[in-house]
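Read the structure below first, then the notes.
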Amino acid sequence: MQAAYKRYRVILVLAAILGLVLVDHLNSPTFAFNMGNGNVETTLNQRDSTACAPCGAPCPSSRD
Amino acid sequence: MQQASSSSTASDGWRVDRFVVGAALVGLLMLGGLIWLETAPFLLALFAIGALLGVALYHGAFGFTAGWRNLVVKHRGGGMRAQLLLFGLTAVLMVPILGSDQGELIGAVAPVGTSLVVGSFMFGLGMQLGGGCGSGTLFTVGAGNLRMAVTLLFFIIGAVLGSLHLPWWLDLPGFDPVSLIDGFGIAGAVGIQLVALAGLWVWIDRRERRTHGSIERSELLVTGGEHGVLRTLISGRWPFAWAILALALGNVMTLVVGGSPWGITFAFNLWGAKALQALGVDMSQFEFWTWDYPAMALKDSVLVNITSVMNFGLLLGAMLAAGLANRFNEASRKRPEGRPFLAAVIGGLLLGYGARLGFGCNIGALFSGIGSASLHAWIWFVSAFLGSLIGIRLRPWFRLPN
């Protein structure tokens, strides 16, 4: 039966995703903080209880 | 070079794709290890919950899109009733938690207005053209579906576009979120929603019985077919009842551990915006990205963004499940081209743009919204279903089977 995929492609895609995540993380305040730079503001708990929607949108009543 | 998707063969014919299972496990271990080392234990827990949700979605074949289409086209309501059961169970579990909370937890509530109605309508249309909803797109991509990877790419593009336009849409007529818990209390909010779900159940039953003379109660099956419980649990396919239980508990655990219910599409916004930022675009010129939560997420690592972390877990969990079922990439034997490819592009854009305007997808707005007893979830449901009706009519033109 014909193979449904090629292994190297799967590995390449997974490696690319991991690479992108790593690059993003290495340039982040969280990584800087972990490396001992206490001068950065990290957002380990990204929450905004004043927002009106899960995406952080404000309430229509506050937009007048 | 023809590297095969070789599968191990057990003596009883139980085939597992060792390569895919191994790759998924390595991915889970590497990303999980990174989250453990660099962030906090609660994010690792959410990553694990995401992976379990991915397994449940794949093994349960829990597609919202196909469930809606089966009801409209074939007048079969099993998938739709499974969704209603899921919503009802989640509301029963989640509303009391949110209602008795002292401000630590944030429910999936959102404004009601033009943006919500237009966005959810577009999302419903996009579901049928793109071939999946928020969760459906993600878990099928995890299972190696190439057409859905195209949908996901344009989902992300649409979501970023939607984020740029959302402030304009929010200035159109609308009002602040309506929480049924605030209006009717915990029992009232649960009761009203259960009555509404029961009403829909009766309507679906009548429709199926009128067409077929009987009702297929697939949503009530609790046993796993001919292979026994353990094997079915590992390699699928799960009966709906298992998936319903896993998804409802997964959402409740997400709320308890993460502080807010399960969502998917904000991460797509974030990934797209980060890509643009990497290309030199200053995202702070757009109002959406100056709001506190998006700005916080854009500035920091994706590994501290709950939706992103859970989505990574979900993708790898679905990949693991597809490997265990020996069906990884099976749906991609026929490459997407021509009109089906165009449908994935248009559908993806509509899904992304619609999700942003509609404050989420079938998970963040509908499933978690009903679990949070928010009025916007019900309006989202109606509007997305209407959009889906149009999408179903358009599918034959795009050479998509109904």
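In the structure tokens, each chain is lettered A, B, ... as it comes, each chain's residues begin at 1, and ligands are numbered from 1 in order of appearance.
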
Practice task
With a distance cut-off of 12 Å and only C-alpha atoms, select the neighbouring residues of Val40 of chain A, excluding the residue or stretch itself and same-chain residues fewer than 2 positions from it, and output the selection as a list in words.
Solution key: Asn27, Ser28, Pro29, Thr30, Phe31, Ala32, Phe33, Asn34, Met35, Gly36, Asn37, Gly38, Thr42 and Thr43 of chain A; Lys299 and Asp300 of chain B

Handout entry: Test item: residues at most 10 Å from Ala198 of chain B, only C-alpha atoms, excluding those fewer than 3 positions along its chain, as a ChimeraX atom specification
Key = /B:81,84-85,88,192-195,201-204

Hey, could you make a per-residue contact list for segment 7-45 of chain A against segment 9-32 of chain B with 12 Å as the cut-off, showing the nearest pair of atoms and its distance in Å to one decimal, counting only C-alpha atoms, sorted by chain and number, as CSV?
```
residue,atom,partner,partner_atom,distance
A:Arg7,CA,B:Phe19,CA,7.9
A:Tyr8,CA,B:Phe19,CA,10.9
A:Arg9,CA,B:Val20,CA,11.6
A:Val10,CA,B:Ala23,CA,8.3
A:Ile11,CA,B:Ala23,CA,7.6
A:Leu12,CA,B:Ala23,CA,11.1
A:Val13,CA,B:Ala23,CA,11.0
A:Leu14,CA,B:Gly27,CA,7.3
A:Ala15,CA,B:Gly27,CA,8.9
A:Ala16,CA,B:Gly27,CA,11.6
A:Ile17,CA,B:Gly27,CA,9.9
A:Leu18,CA,B:Leu31,CA,7.5
A:Gly19,CA,B:Leu31,CA,10.7
A:Leu20,CA,B:Leu31,CA,11.9
A:Val21,CA,B:Leu31,CA,9.0
A:Leu22,CA,B:Leu31,CA,9.5
A:His25,CA,B:Leu31,CA,11.7
```

Exercise for the section: Give me every alpha helix (DSSP H) residue in segment 247-364 of chain B, going by DSSP on the backbone, as a ChimeraX atom specification. Expected result: /B:247-258,265-278,292-299,306-324,338-357

Exercise for the section: Determine which residues of chain B sit within 8 Å of chain A, taking into account only C-alpha atoms, and present them as number ranges by chain. Expected result: B: 2-6, 19, 23, 27, 31, 38-40, 106, 108-111, 170-171, 174-177, 266, 288, 291-294, 296-297, 299-306, 328-330, 332-333, 359-360, 364

Store the residues of this selection in a file with N, CA and C atoms, as a CSV table (one decimal), in the first residue's frame.
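Wrote part21.csv, looks like this:
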```csv
chain,number,residue,atom,x,y,z
B,2,GLN,N,11.1,6.3,-1.1
B,2,GLN,CA,9.8,6.0,-0.6
B,2,GLN,C,9.8,5.5,0.9
B,3,GLN,N,9.8,6.5,1.8
B,3,GLN,CA,9.8,6.1,3.2
B,3,GLN,C,8.4,5.8,3.6
B,4,ALA,N,8.2,4.6,4.0
B,4,ALA,CA,6.8,4.2,4.2
B,4,ALA,C,6.4,4.6,5.6
B,5,SER,N,5.1,4.8,5.7
B,5,SER,CA,4.5,5.0,7.0
B,5,SER,C,4.3,3.6,7.7
B,6,SER,N,5.4,2.9,7.9
B,6,SER,CA,5.3,1.6,8.3
B,6,SER,C,4.6,1.4,9.7
B,19,PHE,N,6.1,5.2,14.2
B,19,PHE,CA,6.8,6.4,13.9
B,19,PHE,C,6.1,7.6,14.4
B,23,ALA,N,7.0,10.1,17.3
B,23,ALA,CA,7.3,11.5,17.0
B,23,ALA,C,6.4,12.4,17.9
B,27,GLY,N,7.7,15.0,20.7
B,27,GLY,CA,7.2,16.4,20.7
B,27,GLY,C,6.6,16.8,22.0
B,31,LEU,N,8.4,19.7,24.2
B,31,LEU,CA,7.6,21.0,24.5
B,31,LEU,C,7.2,21.1,25.9
B,38,GLU,N,10.8,26.5,31.8
B,38,GLU,CA,10.8,28.0,31.5
B,38,GLU,C,9.5,28.7,32.1
B,39,THR,N,8.5,28.0,32.4
B,39,THR,CA,7.3,28.7,32.8
B,39,THR,C,6.8,28.3,34.2
B,40,ALA,N,5.6,27.8,34.3
B,40,ALA,CA,5.1,27.5,35.6
B,40,ALA,C,4.3,26.1,35.5
B,106,ILE,N,-12.7,33.8,35.4
B,106,ILE,CA,-13.4,34.7,34.4
B,106,ILE,C,-14.1,33.8,33.4
B,108,ALA,N,-16.4,32.7,30.0
B,108,ALA,CA,-16.4,33.1,28.6
B,108,ALA,C,-17.6,33.9,28.3
B,109,VAL,N,-17.7,35.2,28.7
B,109,VAL,CA,-18.8,36.1,28.4
B,109,VAL,C,-18.3,37.1,27.4
B,110,ALA,N,-19.2,37.6,26.6
B,110,ALA,CA,-18.8,38.6,25.6
B,110,ALA,C,-19.9,39.5,25.2
B,111,PRO,N,-19.6,40.7,24.6
B,111,PRO,CA,-20.7,41.6,24.2
B,111,PRO,C,-21.7,41.0,23.2
B,170,LEU,N,-16.9,47.0,16.8
B,170,LEU,CA,-17.4,47.2,18.2
B,170,LEU,C,-18.1,48.5,18.3
B,171,ASP,N,-17.8,49.5,17.4
B,171,ASP,CA,-18.5,50.8,17.5
B,171,ASP,C,-19.9,50.7,16.9
B,174,GLY,N,-24.5,47.6,19.8
B,174,GLY,CA,-24.3,46.4,20.6
B,174,GLY,C,-24.4,46.8,22.1
B,175,PHE,N,-24.4,45.8,22.9
B,175,PHE,CA,-24.4,46.1,24.4
B,175,PHE,C,-23.5,45.2,25.1
B,176,ASP,N,-23.3,45.5,26.4
B,176,ASP,CA,-22.4,44.8,27.2
B,176,ASP,C,-22.8,43.3,27.4
B,177,PRO,N,-21.9,42.4,27.9
B,177,PRO,CA,-22.2,41.0,28.1
B,177,PRO,C,-23.4,40.8,29.0
B,266,PHE,N,-7.8,32.7,19.9
B,266,PHE,CA,-7.0,33.9,20.2
B,266,PHE,C,-5.5,33.5,19.8
B,288,PHE,N,-6.5,47.0,18.5
B,288,PHE,CA,-6.7,45.7,19.1
B,288,PHE,C,-5.4,45.3,19.9
B,291,TRP,N,-4.8,46.8,23.5
B,291,TRP,CA,-5.6,46.4,24.6
B,291,TRP,C,-4.8,45.5,25.5
B,292,ASP,N,-5.1,45.5,26.8
B,292,ASP,CA,-4.2,44.9,27.8
B,292,ASP,C,-3.8,43.4,27.4
B,293,TYR,N,-4.8,42.6,27.3
B,293,TYR,CA,-4.5,41.2,27.1
B,293,TYR,C,-3.8,40.9,25.8
B,294,PRO,N,-4.2,41.4,24.7
B,294,PRO,CA,-3.5,41.1,23.4
B,294,PRO,C,-2.0,41.7,23.5
B,296,MET,N,-0.2,42.2,26.2
B,296,MET,CA,0.6,41.3,27.0
B,296,MET,C,1.1,40.1,26.3
B,297,ALA,N,0.1,39.5,25.6
B,297,ALA,CA,0.4,38.2,24.9
B,297,ALA,C,1.4,38.4,23.8
B,299,LYS,N,3.7,40.7,23.6
B,299,LYS,CA,5.0,41.1,24.1
B,299,LYS,C,5.8,39.9,24.6
B,300,ASP,N,5.1,38.9,25.1
B,300,ASP,CA,5.8,37.8,25.8
B,300,ASP,C,5.8,36.5,25.0
B,301,SER,N,6.3,35.5,25.6
B,301,SER,CA,6.5,34.2,24.9
B,301,SER,C,5.2,33.5,24.7
B,302,VAL,N,5.1,32.7,23.6
B,302,VAL,CA,3.8,31.9,23.4
B,302,VAL,C,3.7,30.9,24.4
B,303,LEU,N,4.8,30.5,25.1
B,303,LEU,CA,4.8,29.5,26.1
B,303,LEU,C,4.1,30.0,27.4
B,304,VAL,N,3.8,31.3,27.5
B,304,VAL,CA,3.1,31.8,28.7
B,304,VAL,C,1.7,32.2,28.3
B,305,ASN,N,1.3,31.9,27.0
B,305,ASN,CA,-0.1,32.2,26.6
B,305,ASN,C,-0.9,30.9,26.6
B,306,ILE,N,-1.9,30.9,27.5
B,306,ILE,CA,-2.6,29.7,27.8
B,306,ILE,C,-3.2,29.0,26.5
B,328,PHE,N,-2.7,8.3,10.6
B,328,PHE,CA,-2.1,9.6,10.4
B,328,PHE,C,-2.0,9.9,8.9
B,329,ASN,N,-2.5,11.1,8.5
B,329,ASN,CA,-2.4,11.6,7.2
B,329,ASN,C,-3.3,10.9,6.2
B,330,GLU,N,-4.1,10.0,6.6
B,330,GLU,CA,-4.9,9.2,5.7
B,330,GLU,C,-5.8,10.1,4.9
B,332,SER,N,-5.2,12.8,3.6
B,332,SER,CA,-4.4,13.6,2.6
B,332,SER,C,-3.9,12.8,1.4
B,333,ARG,N,-4.4,11.6,1.3
B,333,ARG,CA,-4.0,10.8,0.1
B,333,ARG,C,-4.3,11.6,-1.2
B,359,PHE,N,-16.1,36.8,18.8
B,359,PHE,CA,-15.5,36.5,20.1
B,359,PHE,C,-15.2,35.0,20.4
B,360,GLY,N,-14.8,34.4,19.3
B,360,GLY,CA,-14.3,33.0,19.5
B,360,GLY,C,-15.0,32.1,18.5
B,364,GLY,N,-14.6,28.4,22.1
B,364,GLY,CA,-14.5,29.6,23.0
B,364,GLY,C,-15.8,30.4,23.2
```
